[in-house]
$ cat final23.txt   # compact mmCIF, C-alpha atoms
# COMPACT_ATOMS: atom_id res chain seq x y z
CA MET Z 1156 2.36 5.38 19.27
CA THR Z 1157 -0.01 2.59 20.31
CA TYR Z 1158 -1.71 0.04 18.07
CA SER Z 1159 -5.08 -1.63 18.57
CA HIS Z 1160 -5.35 -5.38 18.80
CA ASP Z 1161 -6.94 -5.58 15.34
CA GLU Z 1162 -4.10 -3.55 13.84
CA LEU Z 1163 -1.55 -5.92 15.37
CA GLN Z 1164 -3.43 -8.94 14.02
CA PHE Z 1165 -3.58 -7.52 10.50
CA SER Z 1166 0.06 -6.39 10.67
CA SER Z 1167 1.16 -9.89 11.68
CA LEU Z 1168 -0.73 -11.37 8.74
CA TYR Z 1169 0.83 -8.76 6.45
CA LEU Z 1170 4.32 -9.78 7.62
CA ALA Z 1171 3.58 -13.45 7.00
CA ARG Z 1172 2.34 -12.59 3.52
CA PHE Z 1173 5.41 -10.46 2.88
CA ALA Z 1174 7.77 -13.29 3.85
CA SER Z 1175 5.97 -15.84 1.67
CA SER Z 1176 5.94 -13.62 -1.40
CA PHE Z 1177 9.51 -12.46 -0.85
CA GLY Z 1178 10.71 -16.06 -0.81
CA PHE Z 1179 8.67 -17.11 -3.83
CA MET Z 1180 9.82 -14.18 -5.96
CA THR Z 1181 13.43 -14.71 -4.91
CA VAL Z 1182 13.47 -18.24 -6.29
CA LEU Z 1183 11.58 -17.14 -9.40
CA THR Z 1184 14.14 -14.38 -10.00
CA LEU Z 1185 17.07 -16.76 -9.56
CA LEU Z 1186 15.47 -19.54 -11.63
CA PRO Z 1187 17.49 -18.72 -14.80
CA ASP Z 1188 20.68 -18.96 -12.71
CA TYR Z 1189 19.64 -22.42 -11.47
CA ILE Z 1190 18.71 -23.44 -15.03
CA ASP Z 1191 22.13 -22.46 -16.37
CA ALA Z 1192 24.07 -23.80 -13.37
CA LEU Z 1193 22.32 -27.19 -13.39
CA GLY Z 1194 22.22 -27.50 -17.20
CA ALA Z 1195 18.43 -27.82 -17.37
CA THR Z 1196 16.65 -27.65 -20.75
CA GLY Z 1197 13.19 -28.18 -22.26
CA VAL Z 1198 10.89 -30.38 -20.18
CA THR Z 1199 13.28 -30.27 -17.21
CA ILE Z 1200 12.72 -26.51 -17.01
CA GLY Z 1201 8.98 -27.18 -16.94
CA LEU Z 1202 9.52 -29.75 -14.19
CA PHE Z 1203 11.22 -27.09 -12.05
CA VAL Z 1204 7.94 -25.17 -12.10
CA THR Z 1205 5.66 -28.18 -11.89
CA ALA Z 1206 7.38 -29.61 -8.79
CA LEU Z 1207 6.34 -26.52 -6.87
CA GLU Z 1208 2.75 -26.72 -8.10
CA VAL Z 1209 2.41 -30.44 -7.32
CA ALA Z 1210 3.53 -29.83 -3.74
CA ARG Z 1211 1.15 -26.90 -3.40
CA THR Z 1212 -1.70 -29.06 -4.69
CA VAL Z 1213 -1.07 -31.98 -2.33
CA GLY Z 1214 -1.53 -29.79 0.73
CA ILE Z 1215 -4.72 -27.96 -0.22
CA VAL Z 1216 -7.41 -30.39 0.95
CA PRO Z 1217 -5.84 -31.62 4.21
CA LEU Z 1218 -4.66 -28.17 5.26
CA GLY Z 1219 -7.93 -26.50 4.28
CA TRP Z 1220 -9.99 -29.10 6.15
CA ALA Z 1221 -7.78 -28.97 9.25
CA ALA Z 1222 -7.78 -25.15 9.33
CA ASP Z 1223 -11.60 -24.98 9.21
CA ARG Z 1224 -12.10 -27.91 11.57
CA TYR Z 1225 -9.48 -27.06 14.18
CA SER Z 1226 -7.27 -23.93 14.11
CA LYS Z 1227 -6.19 -21.67 11.25
CA ARG Z 1228 -3.62 -20.05 13.51
CA THR Z 1229 -1.89 -23.33 14.38
CA ILE Z 1230 -1.75 -24.47 10.74
CA LEU Z 1231 -0.31 -21.11 9.70
CA LEU Z 1232 2.41 -21.29 12.37
CA GLY Z 1233 3.46 -24.75 11.18
CA ALA Z 1234 3.55 -23.62 7.54
CA LEU Z 1235 5.75 -20.63 8.40
CA ALA Z 1236 8.24 -22.85 10.23
CA LEU Z 1237 8.37 -25.32 7.32
CA SER Z 1238 8.95 -22.45 4.90
CA ALA Z 1239 11.98 -21.27 6.87
CA VAL Z 1240 13.53 -24.74 6.50
CA ALA Z 1241 12.64 -24.89 2.79
CA TYR Z 1242 14.41 -21.65 1.89
CA LEU Z 1243 17.51 -22.53 3.85
CA SER Z 1244 17.72 -25.73 1.79
CA PHE Z 1245 17.99 -23.74 -1.47
CA SER Z 1246 21.48 -22.59 -0.48
CA LEU Z 1247 22.58 -26.26 -0.42
CA VAL Z 1248 21.32 -27.21 -3.90
CA ALA Z 1249 23.96 -28.90 -6.08
CA SER Z 1250 21.88 -31.03 -8.48
CA VAL Z 1251 18.54 -31.16 -10.29
CA ASP Z 1252 17.21 -33.61 -7.68
CA GLY Z 1253 18.26 -31.32 -4.86
CA PHE Z 1254 16.49 -28.38 -6.47
CA LEU Z 1255 13.30 -30.44 -6.87
CA VAL Z 1256 13.38 -31.39 -3.17
CA SER Z 1257 13.72 -27.74 -2.17
CA ARG Z 1258 10.90 -26.76 -4.52
CA THR Z 1259 8.67 -29.43 -2.98
CA LEU Z 1260 9.26 -28.14 0.55
CA GLN Z 1261 8.72 -24.60 -0.69
CA GLY Z 1262 5.40 -25.59 -2.26
CA LEU Z 1263 4.08 -27.26 0.89
CA GLY Z 1264 4.97 -24.22 2.96
CA MET Z 1265 3.38 -21.86 0.44
CA THR Z 1266 0.08 -23.73 0.55
CA GLY Z 1267 -0.14 -23.30 4.30
CA THR Z 1268 0.92 -19.66 4.40
CA GLY Z 1269 -1.06 -18.59 1.33
CA LEU Z 1270 -4.29 -20.52 1.81
CA VAL Z 1271 -4.66 -20.19 5.57
CA GLY Z 1272 -3.32 -16.64 5.78
CA LEU Z 1273 -5.82 -15.50 3.14
CA ALA Z 1274 -8.63 -17.30 4.97
CA LEU Z 1275 -7.77 -15.51 8.21
CA MET Z 1276 -7.70 -12.19 6.39
CA GLY Z 1277 -11.09 -12.85 4.75
CA ASP Z 1278 -12.53 -13.92 8.09
CA LEU Z 1279 -11.31 -10.84 9.97
CA ALA Z 1280 -12.21 -8.28 7.26
CA PRO Z 1281 -15.61 -6.48 7.43
CA ASP Z 1282 -18.23 -7.92 5.08
CA ASP Z 1283 -18.91 -4.67 3.20
CA SER Z 1284 -15.25 -3.92 2.42
CA ARG Z 1285 -13.75 -7.39 2.09
CA ALA Z 1286 -12.28 -6.88 -1.38
CA ASN Z 1287 -10.63 -3.67 -0.24
CA TYR Z 1288 -8.96 -5.43 2.70
CA ILE Z 1289 -7.89 -8.29 0.48
CA GLY Z 1290 -6.54 -5.74 -1.99
CA ARG Z 1291 -4.38 -4.23 0.75
CA TYR Z 1292 -3.23 -7.69 1.79
CA ASN Z 1293 -2.25 -8.46 -1.78
CA ALA Z 1294 -0.51 -5.08 -2.07
CA VAL Z 1295 1.82 -6.23 0.71
CA ARG Z 1296 2.48 -9.34 -1.36
CA MET Z 1297 3.37 -7.16 -4.33
CA ALA Z 1298 5.69 -5.00 -2.23
CA ALA Z 1299 7.48 -8.17 -1.17
CA GLY Z 1300 7.65 -9.21 -4.80
CA ILE Z 1301 9.46 -6.00 -5.65
CA ALA Z 1302 11.95 -6.51 -2.83
CA GLY Z 1303 12.33 -10.13 -3.88
CA THR Z 1304 13.16 -9.26 -7.46
CA VAL Z 1305 15.07 -5.99 -7.70
CA GLY Z 1306 16.76 -6.21 -4.30
CA VAL Z 1307 17.56 -9.90 -4.44
CA GLY Z 1308 18.84 -9.70 -8.00
CA PHE Z 1309 21.49 -7.21 -6.97
CA LEU Z 1310 22.15 -8.91 -3.60
CA TYR Z 1311 22.76 -12.27 -5.27
CA ALA Z 1312 25.17 -10.68 -7.75
CA LEU Z 1313 27.20 -9.35 -4.81
CA THR Z 1314 26.96 -12.12 -2.20
CA GLY Z 1315 25.65 -15.41 -3.66
CA PHE Z 1316 22.95 -17.80 -2.48
CA ASP Z 1317 23.78 -18.14 1.24
CA VAL Z 1318 23.10 -14.56 2.31
CA VAL Z 1319 19.93 -14.33 0.20
CA PHE Z 1320 18.28 -17.44 1.63
CA GLY Z 1321 19.48 -16.73 5.16
CA LEU Z 1322 17.65 -13.39 4.98
CA ILE Z 1323 14.46 -15.14 3.88
CA ALA Z 1324 14.65 -17.60 6.78
CA VAL Z 1325 14.95 -14.71 9.25
CA LEU Z 1326 11.83 -13.10 7.79
CA PHE Z 1327 9.86 -16.31 8.31
CA VAL Z 1328 11.04 -16.57 11.91
CA LEU Z 1329 9.88 -12.99 12.60
CA ALA Z 1330 6.52 -13.70 10.95
CA THR Z 1331 6.08 -16.84 13.06
CA VAL Z 1332 6.70 -14.86 16.26
CA GLY Z 1333 4.23 -12.17 15.17
CA ILE Z 1334 1.43 -14.66 14.47
CA TRP Z 1335 2.08 -16.48 17.74
CA LEU Z 1336 2.01 -13.29 19.84
CA PHE Z 1337 -0.74 -11.20 18.26
CA VAL Z 1338 -3.21 -13.33 16.29
CA ASP Z 1339 -5.99 -14.74 18.46
CA ALA Z 1340 -6.59 -18.46 18.72
CA ASP Z 1341 -9.16 -19.51 16.14
CA GLU Z 1342 -12.53 -20.11 17.82
CA THR Z 1343 -14.49 -21.03 14.69
CA SER Z 1344 -15.03 -24.66 13.80
CA VAL Z 1345 -16.80 -26.14 10.79
CA ALA Z 1346 -17.91 -29.74 11.22
CA GLY Z 1347 -17.93 -32.16 8.32
CA PHE Z 1348 -16.18 -31.69 5.00
CA ALA Z 1349 -16.90 -28.18 3.72
CA PHE Z 1350 -15.15 -28.80 0.39
CA THR Z 1351 -18.07 -30.94 -0.84
CA ASP Z 1352 -20.82 -28.34 -0.40
CA LEU Z 1353 -18.74 -25.41 -1.58
CA ALA Z 1354 -17.56 -27.24 -4.70
CA LEU Z 1355 -21.23 -27.42 -5.81
CA ASN Z 1356 -22.05 -23.80 -4.96
CA ARG Z 1357 -23.58 -22.15 -8.09
CA ARG Z 1358 -21.51 -18.98 -7.88
CA ILE Z 1359 -18.31 -20.89 -7.24
CA LEU Z 1360 -19.04 -23.18 -10.19
CA THR Z 1361 -19.46 -20.10 -12.39
CA MET Z 1362 -16.13 -18.70 -11.22
CA THR Z 1363 -14.37 -21.99 -11.86
CA SER Z 1364 -15.46 -21.91 -15.51
CA PHE Z 1365 -13.09 -18.96 -15.86
CA ARG Z 1366 -10.45 -19.88 -13.35
CA ALA Z 1367 -9.61 -23.36 -14.68
CA GLN Z 1368 -8.60 -21.92 -18.07
CA TYR Z 1369 -7.08 -18.72 -16.74
CA ALA Z 1370 -4.67 -20.80 -14.65
CA VAL Z 1371 -3.05 -21.96 -17.88
CA ALA Z 1372 -2.60 -18.37 -19.02
CA VAL Z 1373 -0.99 -17.11 -15.83
CA SER Z 1374 1.13 -20.23 -15.31
CA LEU Z 1375 2.63 -19.89 -18.77
CA VAL Z 1376 3.08 -16.13 -18.88
CA ARG Z 1377 4.15 -15.41 -15.30
CA LYS Z 1378 6.60 -18.31 -15.18
CA TRP Z 1379 8.05 -17.65 -18.62
CA VAL Z 1380 8.67 -13.92 -18.22
CA PRO Z 1381 11.86 -14.46 -16.16
CA ILE Z 1382 12.88 -17.34 -18.40
CA PHE Z 1383 12.41 -15.21 -21.54
CA VAL Z 1384 14.43 -12.34 -20.08
CA GLY Z 1385 17.16 -14.44 -18.49
CA VAL Z 1386 17.96 -17.54 -20.54
CA SER Z 1387 20.54 -17.58 -23.31
CA ALA Z 1388 19.83 -16.28 -26.80
CA ALA Z 1389 20.36 -19.83 -28.08
CA GLN Z 1390 17.15 -20.82 -26.27
CA GLY Z 1391 15.27 -17.77 -27.57
CA GLY Z 1392 15.74 -15.51 -24.55
CA LEU Z 1393 17.20 -12.04 -24.08
CA ALA Z 1394 20.17 -13.40 -22.06
CA TYR Z 1395 20.21 -10.81 -19.26
CA GLY Z 1396 21.44 -11.43 -15.70
CA SER Z 1397 19.46 -11.79 -12.48
CA ALA Z 1398 19.51 -8.04 -11.74
CA ILE Z 1399 17.66 -7.31 -15.00
CA VAL Z 1400 15.33 -10.28 -14.51
CA GLY Z 1401 14.48 -8.92 -11.07
CA THR Z 1402 13.78 -5.45 -12.42
CA VAL Z 1403 11.39 -6.79 -15.07
CA LEU Z 1404 9.52 -8.90 -12.53
CA ALA Z 1405 9.33 -5.99 -10.10
CA ALA Z 1406 7.43 -3.91 -12.67
CA GLU Z 1407 4.44 -6.24 -12.46
CA LYS Z 1408 4.51 -6.22 -8.67
CA PHE Z 1409 4.83 -2.45 -8.48
CA THR Z 1410 1.86 -1.66 -10.71
CA ASN Z 1411 -0.21 -4.40 -9.06
CA MET Z 1412 0.66 -3.04 -5.61
CA LEU Z 1413 -0.45 0.48 -6.54
CA VAL Z 1414 -3.64 -0.45 -8.37
CA GLN Z 1415 -5.04 -3.41 -6.40
CA PRO Z 1416 -6.31 -1.56 -3.28
CA VAL Z 1417 -8.14 0.87 -5.58
CA THR Z 1418 -9.69 -1.83 -7.79
CA GLY Z 1419 -10.65 -3.82 -4.71
CA ARG Z 1420 -12.56 -0.85 -3.32
CA LEU Z 1421 -14.22 -0.19 -6.68
CA SER Z 1422 -15.26 -3.82 -7.09
CA ASP Z 1423 -16.95 -3.67 -3.65
CA ARG Z 1424 -19.10 -0.87 -5.05
CA HIS Z 1425 -19.66 -1.71 -8.72
CA GLY Z 1426 -19.69 -5.50 -9.05
CA ARG Z 1427 -16.84 -7.94 -8.78
CA ALA Z 1428 -17.57 -10.10 -11.83
CA LEU Z 1429 -17.01 -7.12 -14.16
CA PHE Z 1430 -13.51 -6.63 -12.80
CA VAL Z 1431 -12.71 -10.32 -13.27
CA PHE Z 1432 -13.88 -10.11 -16.89
CA VAL Z 1433 -11.96 -6.92 -17.76
CA GLY Z 1434 -8.77 -7.99 -16.00
CA GLY Z 1435 -8.70 -11.42 -17.64
CA GLY Z 1436 -9.18 -10.04 -21.15
CA ALA Z 1437 -6.51 -7.38 -20.72
CA TYR Z 1438 -4.06 -10.00 -19.44
CA GLY Z 1439 -4.48 -12.02 -22.63
CA LEU Z 1440 -3.79 -9.01 -24.85
CA VAL Z 1441 -0.58 -8.06 -23.05
CA ALA Z 1442 0.62 -11.67 -22.91
CA MET Z 1443 0.49 -11.98 -26.69
CA ALA Z 1444 2.46 -8.75 -27.07
CA PHE Z 1445 5.30 -9.81 -24.76
CA PRO Z 1446 7.51 -11.72 -27.24
CA PHE Z 1447 7.73 -8.60 -29.42
CA ALA Z 1448 9.84 -6.89 -26.73
CA ALA Z 1449 12.92 -8.21 -28.53
CA ALA Z 1450 12.11 -6.01 -31.52
CA PHE Z 1451 12.98 -2.90 -29.46
CA GLU Z 1452 16.52 -4.10 -28.69
CA SER Z 1453 18.32 -1.46 -30.75
CA LEU Z 1454 16.30 1.58 -29.65
CA LEU Z 1455 18.20 2.09 -26.39
CA SER Z 1456 21.56 1.20 -24.88
CA VAL Z 1457 22.57 2.35 -21.38
CA SER Z 1458 25.28 0.95 -19.10
CA VAL Z 1459 24.11 0.33 -15.52
CA PRO Z 1460 26.41 -0.73 -12.64
CA VAL Z 1461 26.07 -4.44 -11.69
CA ALA Z 1462 23.29 -4.95 -14.28
CA GLY Z 1463 25.45 -4.15 -17.29
CA GLU Z 1464 24.01 -2.92 -20.61
CA VAL Z 1465 20.30 -2.12 -20.61
CA THR Z 1466 18.66 -2.05 -24.04
CA GLY Z 1467 15.30 -1.14 -25.55
CA ALA Z 1468 14.19 -4.76 -25.19
CA VAL Z 1469 14.57 -4.49 -21.43
CA ALA Z 1470 12.56 -1.25 -21.36
CA ALA Z 1471 9.80 -2.88 -23.41
CA ALA Z 1472 9.76 -5.93 -21.15
CA VAL Z 1473 9.48 -3.70 -18.06
CA CYS Z 1474 6.53 -1.79 -19.58
CA LEU Z 1475 4.70 -4.93 -20.71
CA ASN Z 1476 5.16 -6.69 -17.39
CA GLY Z 1477 3.88 -3.55 -15.66
CA LEU Z 1478 0.74 -3.75 -17.79
CA LEU Z 1479 0.32 -7.40 -16.79
CA GLY Z 1480 0.33 -6.21 -13.18
CA VAL Z 1481 -2.43 -3.67 -13.88
CA ALA Z 1482 -4.55 -6.32 -15.62
CA ASP Z 1483 -4.19 -8.77 -12.74
CA ALA Z 1484 -4.96 -6.03 -10.20
CA PHE Z 1485 -8.46 -5.75 -11.71
CA ARG Z 1486 -9.10 -9.48 -11.40
CA GLU Z 1487 -7.47 -10.66 -8.19
CA PRO Z 1488 -9.18 -8.85 -5.26
CA ALA Z 1489 -12.59 -9.21 -6.90
CA SER Z 1490 -12.09 -12.95 -7.46
CA MET Z 1491 -10.85 -13.55 -3.92
CA ALA Z 1492 -13.71 -11.57 -2.39
CA LEU Z 1493 -16.26 -13.62 -4.36
CA PHE Z 1494 -14.87 -16.84 -2.90
CA ALA Z 1495 -14.69 -15.32 0.59
CA ASP Z 1496 -18.33 -14.19 0.34
CA GLU Z 1497 -19.45 -17.74 -0.40
CA GLY Z 1498 -17.26 -19.35 2.27
CA LYS Z 1499 -17.87 -16.97 5.19
CA GLY Z 1500 -19.34 -19.05 8.03
CA GLU Z 1501 -19.43 -22.17 5.84
CA GLY Z 1502 -15.70 -22.94 5.74
CA ILE Z 1503 -13.79 -20.01 4.34
CA THR Z 1504 -10.47 -21.87 4.13
CA SER Z 1505 -12.19 -24.62 2.17
CA SER Z 1506 -13.73 -22.03 -0.16
CA PHE Z 1507 -10.27 -20.70 -0.93
CA GLY Z 1508 -9.15 -24.31 -1.15
CA VAL Z 1509 -11.67 -24.96 -3.92
CA ARG Z 1510 -10.37 -21.82 -5.62
CA SER Z 1511 -6.82 -23.18 -5.41
CA LEU Z 1512 -7.73 -26.71 -6.51
CA VAL Z 1513 -9.41 -25.44 -9.67
CA TRP Z 1514 -6.20 -23.59 -10.47
CA LYS Z 1515 -3.91 -26.56 -10.01
CA PRO Z 1516 -4.46 -28.70 -13.14
CA GLY Z 1517 -3.51 -25.76 -15.32
CA SER Z 1518 -0.64 -24.65 -13.13
CA ILE Z 1519 0.83 -28.17 -13.04
CA LEU Z 1520 0.36 -29.23 -16.65
CA ALA Z 1521 0.88 -25.87 -18.37
CA PRO Z 1522 4.58 -25.52 -17.44
CA LEU Z 1523 5.32 -28.99 -18.82
CA ALA Z 1524 3.47 -28.08 -22.02
CA GLY Z 1525 5.29 -24.74 -22.04
CA GLY Z 1526 8.65 -26.46 -21.83
CA TRP Z 1527 7.70 -28.68 -24.76
CA VAL Z 1528 6.40 -25.72 -26.80
CA MET Z 1529 9.56 -23.76 -26.05
CA GLY Z 1530 11.75 -26.63 -27.21
CA THR Z 1531 9.80 -27.37 -30.41
CA ALA Z 1532 8.14 -24.15 -31.65
CA GLY Z 1533 10.05 -21.40 -29.86
CA ILE Z 1534 9.68 -19.42 -26.66
CA GLU Z 1535 7.35 -16.82 -28.20
CA TRP Z 1536 4.65 -19.48 -28.69
CA VAL Z 1537 4.48 -20.02 -24.94
CA PHE Z 1538 3.16 -16.46 -24.61
CA PHE Z 1539 0.76 -16.84 -27.53
CA ALA Z 1540 -0.68 -19.97 -25.90
CA GLY Z 1541 -1.04 -18.11 -22.61
CA GLY Z 1542 -2.91 -15.25 -24.26
CA PHE Z 1543 -5.29 -17.64 -26.01
CA ALA Z 1544 -6.06 -19.39 -22.69
CA ALA Z 1545 -6.91 -16.04 -21.07
CA PHE Z 1546 -9.33 -15.14 -23.89
CA SER Z 1547 -10.93 -18.57 -23.74
CA GLY Z 1548 -11.45 -18.29 -19.99
CA VAL Z 1549 -12.98 -14.81 -20.21
CA LEU Z 1550 -15.43 -15.77 -22.96
CA THR Z 1551 -16.47 -18.95 -21.15
CA PHE Z 1552 -17.01 -17.00 -17.93
CA PHE Z 1553 -19.17 -14.42 -19.68
CA GLY Z 1554 -21.23 -17.11 -21.36
CA VAL Z 1555 -21.85 -19.18 -18.21
CA LEU Z 1556 -22.52 -16.06 -16.11
CA SER Z 1557 -25.08 -14.69 -18.56
CA TRP Z 1558 -26.78 -18.04 -19.16
CA THR Z 1559 -27.00 -19.08 -15.51
CA HIS Z 1560 -27.44 -15.79 -13.65
CA GLY Z 1561 -28.87 -13.41 -16.24
CA GLN Z 1562 -27.47 -10.89 -18.68
CA ARG Z 1563 -27.03 -8.25 -15.99
CA ALA Z 1564 -25.04 -10.49 -13.66
CA LEU Z 1565 -21.73 -9.10 -14.92
CA ARG Z 1566 -22.58 -5.79 -13.20
CA GLN Z 1567 -24.59 -7.18 -10.28
CA TRP Z 1568 -22.20 -9.66 -8.67
$ encode --input "final23.txt" --output "structure tokens"
Amino acid sequence: MTYSHDELQFSSLYLARFASSFGFMTVLTLLPDYIDALGATGVTIGLFVTALEVARTVGIVPLGWAADRYSKRTILLGALALSAVAYLSFSLVASVDGFLVSRTLQGLGMTGTGLVGLALMGDLAPDDSRANYIGRYNAVRMAAGIAGTVGVGFLYALTGFDVVFGLIAVLFVLATVGIWLFVDADETSVAGFAFTDLALNRRILTMTSFRAQYAVAVSLVRKWVPIFVGVSAAQGGLAYGSAIVGTVLAAEKFTNMLVQPVTGRLSDRHGRALFVFVGGGAYGLVAMAFPFAAAFESLLSVSVPVAGEVTGAVAAAVCLNGLLGVADAFREPASMALFADEGKGEGITSSFGVRSLVWKPGSILAPLAGGWVMGTAGIEWVFFAGGFAAFSGVLTFFGVLSWTHGQRALRQW
């Protein structure tokens, strides 16, 4: 069987995306184990999340500018190599400071692989089916998330950190080779500083009215799902091991993987803003329901090898996290395609860079606030705050969209 050059290019980008998501979800799945092993509590737990986001923020502008000005391919290769080093360092962590160093390296690598890889995908995809291609690209990310939660949870229980992070490093090496061999050298070049013009683009400004607030919702909910499932009952959690945490996280990735290519194709046809609005509102509803999973504890009790006892609370958490995946599958490809539309030919990496920068204040500050809320009011209030932020973002987006672009803009974008 032979493959066309375009198929090899897309496949190489898929592998790079798979490696990045696999590594990210592995650390997220094992985060409760690091918390317990290192004795982290309260604000320190928030700092574990914030360290990653700070590092990801620092790299956005220089990497986005360099990728548009010089070569996306070269920047992506460097980010993949750095990521391999970052994940190997996780196996050596023995203190809070060591974990923060590894998280910082991880964050820098993720900015390069995520931002530049997405820009290459948006650049290569046909204009009239861009959201569909991005949906497929994100589906690969979700598949990696499943492997990086369920598979890694069980693998860690059997082998420990060294084998897990060695496997991730090998994936990054293979992805680096694939990009180097099959992705063409980038021939596009955008002079000047594209961030400035794109940051003032009317459509992008409208999207940021939603995205800045929605970042708080996702940062709280997505980061606190594994904490809620995995930390001790004394801290308000369900106190299950990494295998159960991985299974719960995989539910979101699985439903997102199945739904996102479909919603991406539909948003190409029926208007992308509508899918952003519906997905954001649904996310807020499910987020507020999540803490009530504990109420189903006594409805089921099944013994599972390696994982141990599985209760009704676990089943409820799996279902709710799956619904979060469906909600995000409506929003994500439509949102990315809107930013790609505006950046095509004008600095597409910078357009995605603006998208990422708007996200960062919420993603950096929300985990610190979440750690404080968890320590003072209880873990359930982290989810309530996340749901409120999602509703606030959706309503603001609808208001700005209707006022600035007309009442029919929700269906026309």
$ residues_around --input "final23.txt" --residues "stretch 1171-1175 of chain Z" --least-positions-apart "6" --cutoff "6 Å" --atoms "only C-alpha atoms" --output "short mmCIF file (atom, residue, chain, number, x, y, z; two decimals) with C-alpha atoms, in the frame of the given file"
data_model
loop_
_atom_site.label_atom_id
_atom_site.label_comp_id
_atom_site.auth_asym_id
_atom_site.auth_seq_id
_atom_site.Cartn_x
_atom_site.Cartn_y
_atom_site.Cartn_z
CA VAL Z 1295 1.82 -6.23 0.71
CA ARG Z 1296 2.48 -9.34 -1.36
CA ALA Z 1299 7.48 -8.17 -1.17
CA LEU Z 1326 11.83 -13.10 7.79
CA PHE Z 1327 9.86 -16.31 8.31
CA ALA Z 1330 6.52 -13.70 10.95
#
$ closest_atom_pairs --input "final23.txt" --of "stretch 1410-1455 of chain Z" --to "stretch 1468-1483 of chain Z" --cutoff "6 Å" --atoms "only C-alpha atoms" --output "JSON lines"
{"residue": "Z:Thr1410", "atom": "CA", "partner": "Z:Gly1480", "partner_atom": "CA", "distance": 5.4}
{"residue": "Z:Asn1411", "atom": "CA", "partner": "Z:Gly1480", "partner_atom": "CA", "distance": 4.5}
{"residue": "Z:Gly1434", "atom": "CA", "partner": "Z:Ala1482", "partner_atom": "CA", "distance": 4.6}
{"residue": "Z:Ala1437", "atom": "CA", "partner": "Z:Ala1482", "partner_atom": "CA", "distance": 5.6}
{"residue": "Z:Tyr1438", "atom": "CA", "partner": "Z:Ala1482", "partner_atom": "CA", "distance": 5.3}
{"residue": "Z:Ala1448", "atom": "CA", "partner": "Z:Ala1468", "partner_atom": "CA", "distance": 5.1}
{"residue": "Z:Ala1449", "atom": "CA", "partner": "Z:Ala1468", "partner_atom": "CA", "distance": 5.0}
{"residue": "Z:Phe1451", "atom": "CA", "partner": "Z:Ala1468", "partner_atom": "CA", "distance": 4.8}
{"residue": "Z:Glu1452", "atom": "CA", "partner": "Z:Ala1468", "partner_atom": "CA", "distance": 4.3}
$ closest_residue --input "final23.txt" --among "Z:Glu1487, Z:Asp1223, Z:Asp1191, Z:Asp1317" --to "Z:Val1271" --atoms "all atoms listed in the file"
Z:Asp1223
$ residues_near_point --input "final23.txt" --point "(23.4, -12.2, -8.7)" --cutoff "10 Å" --atoms "all atoms listed in the file" --output "PyMOL selection string"
chain Z and resi 1184-1185+1188+1306-1316+1319+1396-1399+1401+1461-1462
$ closest_residue --input "final23.txt" --among "Z:Asn1287, Z:Gln1368, Z:Thr1205, Z:Ser1226" --to "Z:Leu1255" --atoms "only C-alpha atoms"
Z:Thr1205
$ residues_near_point --input "final23.txt" --point "(-10.7, 0.8, -0.4)" --cutoff "12 Å" --atoms "all atoms listed in the file" --output "list in words"
Ala1280, Pro1281, Asp1283, Ser1284, Arg1285, Ala1286, Asn1287, Tyr1288, Ile1289, Gly1290, Arg1291, Tyr1292, Ala1294, Leu1413, Val1414, Gln1415, Pro1416, Val1417, Thr1418, Gly1419, Arg1420, Leu1421, Ser1422, Asp1423, Arg1424 and Pro1488 of chain Z
$ closest_residue --input "final23.txt" --among "Z:Ile1334, Z:Val1433, Z:Ala1302, Z:Leu1183" --to "Z:Gly1548" --atoms "all atoms listed in the file"
Z:Val1433
$ closest_residue --input "final23.txt" --among "Z:Glu1162, Z:Glu1535, Z:Asp1339, Z:Glu1208" --to "Z:Ala1370" --atoms "only C-alpha atoms"
Z:Glu1208
$ atom_distance --input "final23.txt" --atom1 "atom CA of Z:Thr1466" --atom2 "atom CA of Z:Gly1541"
25.5 Å
$ atom_distance --input "final23.txt" --atom1 "atom CA of Z:Ile1190" --atom2 "atom CA of Z:Thr1259"
16.8 Å
$ axis_aligned_box --input "final23.txt" --around "stretch 1167-1175 of chain Z" --padding-each-side "8 Å" --output "JSON"
{"center_x": 3.5, "center_y": -12.3, "center_z": 6.7, "size_x": 24.5, "size_y": 23.1, "size_z": 26.0}
$ atom_distance --input "final23.txt" --atom1 "atom CA of Z:Val1328" --atom2 "atom CA of Z:Ser1176"
14.6 Å
$ residues_around --input "final23.txt" --residues "stretch 1550-1566 of chain Z" --least-positions-apart "6" --cutoff "10 Å" --atoms "all atoms listed in the file" --output "list of chain:residue names"
Z:Arg1357, Z:Arg1358, Z:Leu1360, Z:Thr1361, Z:Met1362, Z:Thr1363, Z:Ser1364, Z:Phe1365, Z:Arg1366, Z:Gln1368, Z:Ser1422, Z:His1425, Z:Gly1426, Z:Arg1427, Z:Ala1428, Z:Leu1429, Z:Phe1430, Z:Val1431, Z:Phe1432, Z:Gly1435, Z:Gly1436
$ closest_residue --input "final23.txt" --among "Z:Phe1494, Z:Val1528, Z:Val1465, Z:Pro1522" --to "Z:Tyr1395" --atoms "all atoms listed in the file"
Z:Val1465
$ residues_around --input "final23.txt" --residues "Z:Tyr1189" --least-positions-apart "4" --cutoff "9 Å" --atoms "only C-alpha atoms" --output "NGL selection string"
:Z and (1185 or 1193-1195 or 1251 or 1254)
$ residues_around --input "final23.txt" --residues "Z:Gly1321" --least-positions-apart "6" --cutoff "9 Å" --atoms "all atoms listed in the file" --output "VMD selection string"
chain Z and resid 1239 1242 to 1243 1246
$ closest_residue --input "final23.txt" --among "Z:Val1537, Z:Leu1260, Z:Val1371, Z:Met1276" --to "Z:Ala1241" --atoms "all atoms listed in the file"
Z:Leu1260
